file structure-v6.cif (mmCIF, N, CA and C atoms and all ligand atoms)
data_work
loop_
_atom_site.label_atom_id
_atom_site.label_comp_id
_atom_site.auth_asym_id
_atom_site.auth_seq_id
_atom_site.Cartn_x
_atom_site.Cartn_y
_atom_site.Cartn_z
N MET O 1 18.22 -22.09 -39.00
CA MET O 1 19.08 -21.50 -37.98
C MET O 1 19.86 -20.33 -38.58
N LYS O 2 19.93 -19.25 -37.79
CA LYS O 2 20.60 -18.05 -38.30
C LYS O 2 21.43 -17.42 -37.19
N ILE O 3 22.63 -16.97 -37.53
CA ILE O 3 23.41 -16.21 -36.55
C ILE O 3 22.98 -14.75 -36.70
N GLN O 4 22.40 -14.20 -35.63
CA GLN O 4 21.84 -12.84 -35.69
C GLN O 4 22.87 -11.79 -35.32
N LYS O 5 23.74 -12.13 -34.36
CA LYS O 5 24.62 -11.10 -33.82
C LYS O 5 25.76 -11.76 -33.05
N ILE O 6 26.94 -11.14 -33.12
CA ILE O 6 28.06 -11.61 -32.31
C ILE O 6 28.64 -10.40 -31.57
N ASN O 7 28.69 -10.50 -30.26
CA ASN O 7 29.26 -9.41 -29.45
C ASN O 7 30.44 -9.93 -28.65
N CYS O 8 31.59 -9.28 -28.79
CA CYS O 8 32.77 -9.66 -28.00
C CYS O 8 33.05 -8.56 -27.00
N HIS O 9 33.23 -8.94 -25.75
CA HIS O 9 33.77 -7.96 -24.81
C HIS O 9 34.49 -8.65 -23.67
N ASN O 10 35.62 -8.07 -23.31
CA ASN O 10 36.55 -8.68 -22.35
C ASN O 10 36.88 -10.11 -22.79
N ARG O 11 36.67 -11.08 -21.91
CA ARG O 11 37.01 -12.46 -22.22
C ARG O 11 35.80 -13.21 -22.80
N ASN O 12 34.71 -12.50 -22.98
CA ASN O 12 33.48 -13.18 -23.34
C ASN O 12 32.98 -12.85 -24.74
N THR O 13 32.30 -13.82 -25.33
CA THR O 13 31.65 -13.56 -26.60
C THR O 13 30.21 -14.03 -26.47
N ILE O 14 29.30 -13.23 -26.96
CA ILE O 14 27.89 -13.62 -26.94
C ILE O 14 27.42 -13.75 -28.39
N ILE O 15 26.91 -14.94 -28.70
CA ILE O 15 26.43 -15.20 -30.05
C ILE O 15 24.91 -15.36 -29.97
N CYS O 16 24.22 -14.57 -30.74
CA CYS O 16 22.75 -14.65 -30.75
C CYS O 16 22.32 -15.42 -31.99
N ILE O 17 21.58 -16.52 -31.80
CA ILE O 17 21.09 -17.27 -32.95
C ILE O 17 19.57 -17.44 -32.87
N SER O 18 18.97 -17.48 -34.02
CA SER O 18 17.53 -17.75 -34.07
C SER O 18 17.34 -19.09 -34.77
N VAL O 19 16.28 -19.79 -34.40
CA VAL O 19 16.03 -21.11 -34.98
C VAL O 19 14.64 -21.19 -35.61
N ASP O 20 14.52 -22.11 -36.51
CA ASP O 20 13.25 -22.43 -37.14
C ASP O 20 12.39 -23.17 -36.08
N PRO O 21 11.14 -22.74 -35.84
CA PRO O 21 10.32 -23.42 -34.83
C PRO O 21 10.20 -24.93 -35.06
N LYS O 22 10.28 -25.36 -36.30
CA LYS O 22 10.18 -26.80 -36.60
C LYS O 22 11.50 -27.54 -36.37
N LYS O 23 12.57 -26.79 -36.15
CA LYS O 23 13.88 -27.40 -35.90
C LYS O 23 14.49 -26.79 -34.63
N GLN O 24 13.61 -26.62 -33.65
CA GLN O 24 14.00 -25.94 -32.44
C GLN O 24 14.68 -26.88 -31.46
N LYS O 25 14.23 -28.13 -31.44
CA LYS O 25 14.82 -29.12 -30.56
C LYS O 25 15.39 -30.28 -31.39
N THR O 26 16.45 -30.90 -30.87
CA THR O 26 17.11 -31.98 -31.61
C THR O 26 16.16 -33.16 -31.84
N SER O 27 15.22 -33.35 -30.90
CA SER O 27 14.28 -34.47 -31.01
C SER O 27 13.26 -34.29 -32.15
N GLN O 28 13.18 -33.08 -32.69
CA GLN O 28 12.24 -32.84 -33.81
C GLN O 28 12.77 -33.38 -35.14
N LEU O 29 14.08 -33.67 -35.18
CA LEU O 29 14.67 -34.15 -36.43
C LEU O 29 15.14 -35.59 -36.26
N PRO O 30 14.56 -36.51 -37.05
CA PRO O 30 14.94 -37.91 -36.89
C PRO O 30 16.43 -38.11 -37.13
N ASN O 31 17.06 -38.87 -36.25
CA ASN O 31 18.49 -39.22 -36.35
C ASN O 31 19.46 -38.06 -36.21
N PHE O 32 18.98 -36.91 -35.78
CA PHE O 32 19.89 -35.77 -35.69
C PHE O 32 21.08 -36.05 -34.75
N SER O 33 20.77 -36.51 -33.53
CA SER O 33 21.86 -36.71 -32.57
C SER O 33 22.81 -37.82 -33.02
N LYS O 34 22.23 -38.86 -33.62
CA LYS O 34 23.05 -39.97 -34.13
C LYS O 34 24.00 -39.46 -35.22
N ASN O 35 23.45 -38.69 -36.16
CA ASN O 35 24.27 -38.17 -37.25
C ASN O 35 25.34 -37.20 -36.74
N LEU O 36 24.97 -36.40 -35.76
CA LEU O 36 25.93 -35.43 -35.22
C LEU O 36 27.09 -36.17 -34.52
N LEU O 37 26.74 -37.20 -33.74
CA LEU O 37 27.78 -37.97 -33.03
C LEU O 37 28.69 -38.73 -33.99
N GLU O 38 28.14 -39.13 -35.12
CA GLU O 38 28.96 -39.80 -36.13
C GLU O 38 30.00 -38.85 -36.70
N LYS O 39 29.57 -37.60 -36.91
CA LYS O 39 30.50 -36.60 -37.48
C LYS O 39 31.47 -36.08 -36.43
N MET O 40 31.03 -36.05 -35.18
CA MET O 40 31.87 -35.50 -34.13
C MET O 40 31.79 -36.36 -32.86
N PRO O 41 32.46 -37.52 -32.88
CA PRO O 41 32.35 -38.45 -31.74
C PRO O 41 32.90 -37.90 -30.43
N GLN O 42 33.75 -36.87 -30.52
CA GLN O 42 34.32 -36.26 -29.30
C GLN O 42 33.24 -35.71 -28.37
N LEU O 43 32.07 -35.43 -28.92
CA LEU O 43 30.97 -34.86 -28.12
C LEU O 43 30.56 -35.80 -26.98
N GLU O 44 30.83 -37.07 -27.18
CA GLU O 44 30.48 -38.08 -26.17
C GLU O 44 31.14 -37.76 -24.82
N HIS O 45 32.30 -37.11 -24.84
CA HIS O 45 33.04 -36.85 -23.60
C HIS O 45 32.76 -35.46 -23.02
N HIS O 46 31.81 -34.76 -23.59
CA HIS O 46 31.54 -33.41 -23.09
C HIS O 46 30.83 -33.42 -21.75
N PHE O 47 31.27 -32.52 -20.90
CA PHE O 47 30.55 -32.30 -19.65
C PHE O 47 29.40 -31.34 -19.94
N CYS O 48 28.24 -31.63 -19.34
CA CYS O 48 27.10 -30.74 -19.55
C CYS O 48 26.32 -30.58 -18.26
N ASP O 49 26.15 -29.36 -17.85
CA ASP O 49 25.41 -29.05 -16.63
C ASP O 49 23.98 -28.68 -17.02
N ASN O 50 23.12 -29.68 -17.14
CA ASN O 50 21.73 -29.42 -17.55
C ASN O 50 20.77 -29.71 -16.39
N ASP O 51 19.56 -29.22 -16.50
CA ASP O 51 18.59 -29.35 -15.41
C ASP O 51 18.30 -30.79 -15.02
N GLU O 52 18.29 -31.67 -16.03
CA GLU O 52 17.95 -33.07 -15.76
C GLU O 52 19.13 -33.91 -15.30
N LYS O 53 20.34 -33.27 -15.23
CA LYS O 53 21.56 -33.98 -14.82
C LYS O 53 21.85 -35.19 -15.71
N ARG O 54 21.60 -35.01 -17.00
CA ARG O 54 21.86 -36.10 -17.94
C ARG O 54 23.26 -35.96 -18.54
N ASP O 55 23.85 -37.10 -18.95
CA ASP O 55 25.10 -37.06 -19.72
C ASP O 55 24.80 -36.30 -21.00
N PHE O 56 25.82 -35.70 -21.57
CA PHE O 56 25.55 -34.92 -22.78
C PHE O 56 25.01 -35.80 -23.91
N ILE O 57 25.49 -37.03 -23.97
CA ILE O 57 25.07 -37.94 -25.03
C ILE O 57 23.55 -38.21 -24.97
N HIS O 58 22.99 -38.25 -23.77
CA HIS O 58 21.55 -38.42 -23.61
C HIS O 58 20.81 -37.08 -23.76
N GLU O 59 21.43 -36.06 -23.24
CA GLU O 59 20.88 -34.71 -23.37
C GLU O 59 20.71 -34.35 -24.85
N LEU O 60 21.69 -34.75 -25.65
CA LEU O 60 21.70 -34.40 -27.08
C LEU O 60 20.49 -34.96 -27.85
N GLU O 61 19.91 -36.04 -27.35
CA GLU O 61 18.76 -36.63 -28.05
C GLU O 61 17.53 -35.73 -28.00
N ASP O 62 17.44 -34.92 -26.95
CA ASP O 62 16.29 -34.03 -26.84
C ASP O 62 16.71 -32.75 -26.11
N THR O 63 17.29 -31.85 -26.88
CA THR O 63 17.70 -30.57 -26.29
C THR O 63 17.50 -29.46 -27.30
N GLU O 64 17.68 -28.23 -26.87
CA GLU O 64 17.56 -27.09 -27.78
C GLU O 64 18.65 -27.18 -28.83
N MET O 65 18.29 -26.95 -30.08
CA MET O 65 19.26 -26.97 -31.17
C MET O 65 20.43 -26.03 -30.87
N ALA O 66 20.12 -24.89 -30.25
CA ALA O 66 21.16 -23.91 -29.91
C ALA O 66 22.14 -24.48 -28.89
N HIS O 67 21.67 -25.34 -28.00
CA HIS O 67 22.53 -25.97 -27.01
C HIS O 67 23.48 -26.96 -27.69
N ALA O 68 22.95 -27.71 -28.66
CA ALA O 68 23.80 -28.62 -29.44
C ALA O 68 24.86 -27.81 -30.20
N PHE O 69 24.43 -26.67 -30.75
CA PHE O 69 25.34 -25.77 -31.49
C PHE O 69 26.46 -25.30 -30.57
N GLU O 70 26.11 -24.95 -29.36
CA GLU O 70 27.09 -24.50 -28.36
C GLU O 70 28.18 -25.57 -28.16
N HIS O 71 27.77 -26.82 -27.98
CA HIS O 71 28.75 -27.88 -27.73
C HIS O 71 29.63 -28.14 -28.94
N VAL O 72 29.06 -28.10 -30.12
CA VAL O 72 29.86 -28.31 -31.35
C VAL O 72 30.86 -27.16 -31.52
N LEU O 73 30.41 -25.95 -31.21
CA LEU O 73 31.30 -24.79 -31.29
C LEU O 73 32.47 -24.94 -30.32
N LEU O 74 32.18 -25.36 -29.10
CA LEU O 74 33.25 -25.57 -28.11
C LEU O 74 34.25 -26.61 -28.61
N GLU O 75 33.74 -27.68 -29.20
CA GLU O 75 34.62 -28.74 -29.71
C GLU O 75 35.49 -28.22 -30.84
N ASN O 76 34.90 -27.45 -31.75
CA ASN O 76 35.68 -26.89 -32.86
C ASN O 76 36.75 -25.93 -32.36
N ILE O 77 36.46 -25.15 -31.34
CA ILE O 77 37.46 -24.25 -30.77
C ILE O 77 38.61 -25.09 -30.18
N ALA O 78 38.26 -26.15 -29.46
CA ALA O 78 39.28 -27.01 -28.86
C ALA O 78 40.16 -27.67 -29.93
N ILE O 79 39.56 -28.01 -31.07
CA ILE O 79 40.32 -28.61 -32.18
C ILE O 79 41.25 -27.55 -32.81
N ASN O 80 40.74 -26.35 -32.99
CA ASN O 80 41.50 -25.29 -33.67
C ASN O 80 42.54 -24.62 -32.79
N ASP O 81 42.31 -24.62 -31.51
CA ASP O 81 43.21 -23.93 -30.59
C ASP O 81 43.64 -24.89 -29.49
N LYS O 82 44.77 -25.56 -29.74
CA LYS O 82 45.23 -26.57 -28.77
C LYS O 82 45.61 -25.95 -27.43
N SER O 83 45.87 -24.65 -27.42
CA SER O 83 46.25 -23.99 -26.16
C SER O 83 45.03 -23.61 -25.31
N ALA O 84 43.86 -23.73 -25.90
CA ALA O 84 42.65 -23.36 -25.16
C ALA O 84 42.34 -24.42 -24.10
N LYS O 85 42.21 -23.98 -22.88
CA LYS O 85 41.92 -24.92 -21.80
C LYS O 85 40.65 -24.49 -21.08
N CYS O 86 39.84 -25.49 -20.71
CA CYS O 86 38.64 -25.21 -19.92
C CYS O 86 37.77 -24.11 -20.52
N ILE O 87 37.41 -24.25 -21.76
CA ILE O 87 36.48 -23.29 -22.35
C ILE O 87 35.08 -23.74 -21.93
N SER O 88 34.28 -22.80 -21.52
CA SER O 88 32.90 -23.17 -21.16
C SER O 88 31.94 -22.17 -21.79
N ALA O 89 30.69 -22.60 -21.83
CA ALA O 89 29.68 -21.75 -22.45
C ALA O 89 28.32 -22.07 -21.84
N THR O 90 27.40 -21.15 -22.02
CA THR O 90 26.02 -21.40 -21.61
C THR O 90 25.10 -20.99 -22.76
N THR O 91 23.94 -21.61 -22.80
CA THR O 91 22.93 -21.22 -23.79
C THR O 91 21.69 -20.79 -23.01
N GLU O 92 21.25 -19.56 -23.27
CA GLU O 92 20.10 -19.03 -22.54
C GLU O 92 19.05 -18.48 -23.49
N TRP O 93 17.83 -18.44 -23.00
CA TRP O 93 16.76 -17.83 -23.78
C TRP O 93 15.70 -17.32 -22.83
N ASN O 94 14.99 -16.32 -23.26
CA ASN O 94 13.89 -15.79 -22.47
C ASN O 94 12.87 -15.22 -23.43
N TRP O 95 11.91 -16.08 -23.81
CA TRP O 95 10.95 -15.67 -24.83
C TRP O 95 9.84 -14.78 -24.29
N GLN O 96 9.80 -14.64 -22.95
CA GLN O 96 8.82 -13.70 -22.39
C GLN O 96 9.32 -12.27 -22.59
N ALA O 97 10.62 -12.09 -22.30
CA ALA O 97 11.20 -10.75 -22.38
C ALA O 97 11.79 -10.45 -23.76
N GLY O 98 12.27 -11.48 -24.43
CA GLY O 98 12.95 -11.26 -25.70
C GLY O 98 12.23 -11.93 -26.85
N PRO O 99 12.79 -11.83 -28.05
CA PRO O 99 12.13 -12.43 -29.22
C PRO O 99 12.05 -13.96 -29.14
N ARG O 100 10.97 -14.49 -29.64
CA ARG O 100 10.74 -15.93 -29.64
C ARG O 100 11.71 -16.62 -30.60
N TYR O 101 12.15 -17.81 -30.22
CA TYR O 101 13.08 -18.63 -31.02
C TYR O 101 14.48 -18.02 -31.15
N TYR O 102 14.82 -17.11 -30.23
CA TYR O 102 16.17 -16.56 -30.17
C TYR O 102 16.89 -17.15 -28.95
N TYR O 103 18.16 -17.44 -29.15
CA TYR O 103 18.99 -17.99 -28.07
C TYR O 103 20.29 -17.21 -27.99
N TRP O 104 20.83 -17.12 -26.78
CA TRP O 104 22.11 -16.44 -26.57
C TRP O 104 23.13 -17.44 -26.04
N ILE O 105 24.19 -17.63 -26.81
CA ILE O 105 25.29 -18.50 -26.38
C ILE O 105 26.39 -17.59 -25.83
N ASN O 106 26.70 -17.78 -24.57
CA ASN O 106 27.72 -16.96 -23.92
C ASN O 106 28.95 -17.85 -23.71
N ILE O 107 30.07 -17.44 -24.28
CA ILE O 107 31.24 -18.30 -24.25
C ILE O 107 32.46 -17.54 -23.72
N ASN O 108 33.21 -18.19 -22.83
CA ASN O 108 34.35 -17.48 -22.24
C ASN O 108 35.59 -17.68 -23.11
N TYR O 109 35.56 -17.08 -24.26
CA TYR O 109 36.64 -17.22 -25.23
C TYR O 109 36.64 -15.97 -26.10
N ASP O 110 37.84 -15.46 -26.41
CA ASP O 110 37.87 -14.17 -27.10
C ASP O 110 38.83 -14.08 -28.29
N LYS O 111 39.41 -15.21 -28.73
CA LYS O 111 40.28 -15.11 -29.90
C LYS O 111 39.41 -15.06 -31.15
N LYS O 112 39.27 -13.86 -31.69
CA LYS O 112 38.30 -13.63 -32.75
C LYS O 112 38.53 -14.49 -34.00
N ASP O 113 39.80 -14.66 -34.39
CA ASP O 113 40.09 -15.43 -35.61
C ASP O 113 39.70 -16.90 -35.45
N VAL O 114 40.03 -17.47 -34.28
CA VAL O 114 39.70 -18.88 -34.01
C VAL O 114 38.18 -19.04 -33.92
N LEU O 115 37.57 -18.08 -33.24
CA LEU O 115 36.12 -18.12 -33.06
C LEU O 115 35.39 -18.07 -34.40
N LYS O 116 35.86 -17.21 -35.27
CA LYS O 116 35.24 -17.04 -36.58
C LYS O 116 35.33 -18.35 -37.39
N LYS O 117 36.53 -18.93 -37.40
CA LYS O 117 36.75 -20.19 -38.11
C LYS O 117 35.87 -21.30 -37.51
N SER O 118 35.84 -21.38 -36.18
CA SER O 118 35.08 -22.42 -35.49
C SER O 118 33.58 -22.26 -35.72
N LEU O 119 33.13 -21.02 -35.73
CA LEU O 119 31.71 -20.76 -36.00
C LEU O 119 31.34 -21.22 -37.41
N HIS O 120 32.21 -20.93 -38.34
CA HIS O 120 31.98 -21.32 -39.72
C HIS O 120 31.91 -22.85 -39.85
N GLN O 121 32.84 -23.54 -39.20
CA GLN O 121 32.85 -25.01 -39.25
C GLN O 121 31.60 -25.59 -38.59
N THR O 122 31.19 -24.98 -37.49
CA THR O 122 30.00 -25.46 -36.77
C THR O 122 28.76 -25.29 -37.65
N TRP O 123 28.70 -24.13 -38.26
CA TRP O 123 27.61 -23.81 -39.18
C TRP O 123 27.54 -24.83 -40.32
N GLN O 124 28.70 -25.14 -40.90
CA GLN O 124 28.74 -26.10 -42.01
C GLN O 124 28.34 -27.50 -41.58
N LEU O 125 28.80 -27.90 -40.40
CA LEU O 125 28.45 -29.23 -39.88
C LEU O 125 26.93 -29.33 -39.67
N PHE O 126 26.34 -28.30 -39.07
CA PHE O 126 24.90 -28.31 -38.85
C PHE O 126 24.14 -28.36 -40.18
N ASN O 127 24.58 -27.58 -41.12
CA ASN O 127 23.92 -27.58 -42.43
C ASN O 127 24.01 -28.92 -43.12
N SER O 128 25.10 -29.64 -42.90
CA SER O 128 25.29 -30.93 -43.56
C SER O 128 24.36 -32.00 -43.01
N ILE O 129 23.88 -31.83 -41.77
CA ILE O 129 22.99 -32.88 -41.21
C ILE O 129 21.54 -32.41 -41.01
N MET O 130 21.28 -31.13 -41.25
CA MET O 130 19.91 -30.60 -41.14
C MET O 130 19.12 -30.93 -42.40
N PRO O 131 17.95 -31.51 -42.27
CA PRO O 131 17.14 -31.68 -43.49
C PRO O 131 16.71 -30.32 -43.99
N LYS O 132 16.67 -30.18 -45.30
CA LYS O 132 16.33 -28.86 -45.89
C LYS O 132 14.84 -28.56 -45.75
ZN ZN O 201 25.52 -28.41 -22.21
#
call {"tool": "encode", "arguments": {"input": "structure-v6.cif", "output": "structure tokens", "more": "lines below"}}
Ligand SMILES: [Zn+2]
result
Amino acid sequence: MKIQKINCHNRNTIICISVDPKKQKTSQLPNFSKNLLEKMPQLEHHFCDNDEKRDFIHELEDTEMAHAFEHVLLENIAINDKSAKCISATTEWNWQAGPRYYYWININYDKKDVLKKSLHQTWQLFNSIMPK
């Protein structure tokens, strides 16, 4: 997983990440969702608007790695910025029009210092549970 680009404008930030095809979905890595929930149990209470209408805890077992990254980033922002309320984000991709294995996380949050710290923490958490 690699952070390719970060664009901030107005109230929004767009983070472009690319993933390893073998680690593209959480279901490709044994125990990934279990390990992630152990490190960050707050994820259990996340609201998630996904196509299958699944709770996030079930969605996490088989979803795009970038989508899991989005939720962990939101949680880290909420931990770092107690004044942040109702932060939301979406994860999108279009491999027909854009590069393959690239995802765009669009987040309605613009405090650059908090975002930078939260991104770093999210990155570290993912690295700690990703098999090398
Ligand atoms: Zn979601």
call {"tool": "atom_distance", "arguments": {"input": "structure-v6.cif", "atom1": "atom CA of O:Met65", "atom2": "atom CA of O:Ile79"}}
result
21.1 Å
call {"tool": "residues_around", "arguments": {"input": "structure-v6.cif", "residues": "O:Thr13", "least_positions_apart": "4", "cutoff": "9 Å", "atoms": "only C-alpha atoms", "output": "PyMOL selection string"}}
result
chain O and resi 6-9+105-110
call {"tool": "write_last_selection", "arguments": {"input": "structure-v6.cif", "atoms": "N, CA and C atoms", "output": "compact mmCIF listing (two decimals), keeping the file's coordinate frame"}}
result
# COMPACT_ATOMS: atom_id res chain seq x y z
N ILE O 6 26.94 -11.14 -33.12
CA ILE O 6 28.06 -11.61 -32.31
C ILE O 6 28.64 -10.40 -31.57
N ASN O 7 28.69 -10.50 -30.26
CA ASN O 7 29.26 -9.41 -29.45
C ASN O 7 30.44 -9.93 -28.65
N CYS O 8 31.59 -9.28 -28.79
CA CYS O 8 32.77 -9.66 -28.00
C CYS O 8 33.05 -8.56 -27.00
N HIS O 9 33.23 -8.94 -25.75
CA HIS O 9 33.77 -7.96 -24.81
C HIS O 9 34.49 -8.65 -23.67
N ILE O 105 24.19 -17.63 -26.81
CA ILE O 105 25.29 -18.50 -26.38
C ILE O 105 26.39 -17.59 -25.83
N ASN O 106 26.70 -17.78 -24.57
CA ASN O 106 27.72 -16.96 -23.92
C ASN O 106 28.95 -17.85 -23.71
N ILE O 107 30.07 -17.44 -24.28
CA ILE O 107 31.24 -18.30 -24.25
C ILE O 107 32.46 -17.54 -23.72
N ASN O 108 33.21 -18.19 -22.83
CA ASN O 108 34.35 -17.48 -22.24
C ASN O 108 35.59 -17.68 -23.11
N TYR O 109 35.56 -17.08 -24.26
CA TYR O 109 36.64 -17.22 -25.23
C TYR O 109 36.64 -15.97 -26.10
N ASP O 110 37.84 -15.46 -26.41
CA ASP O 110 37.87 -14.17 -27.10
C ASP O 110 38.83 -14.08 -28.29
call {"tool": "closest_residue", "arguments": {"input": "structure-v6.cif", "among": "O:Pro41, O:Pro30, O:Pro99, O:Pro21", "to": "O:Met1", "atoms": "all atoms listed in the file"}}
result
O:Pro21
call {"tool": "select_by_dssp", "arguments": {"input": "structure-v6.cif", "residues": "chain O", "states": "strand (DSSP E)", "output": "ChimeraX atom specification"}}
result
/O:2-9,12-18,89-92,102-107
call {"tool": "residues_near_ligand", "arguments": {"input": "structure-v6.cif", "ligand": "ligand ZN 201 (chain O)", "cutoff": "6.5 Å", "atoms": "all atoms listed in the file", "output": "list of chain:residue names"}}
result
O:Phe47, O:Cys48, O:Asp49, O:Asn50, O:His67, O:His71
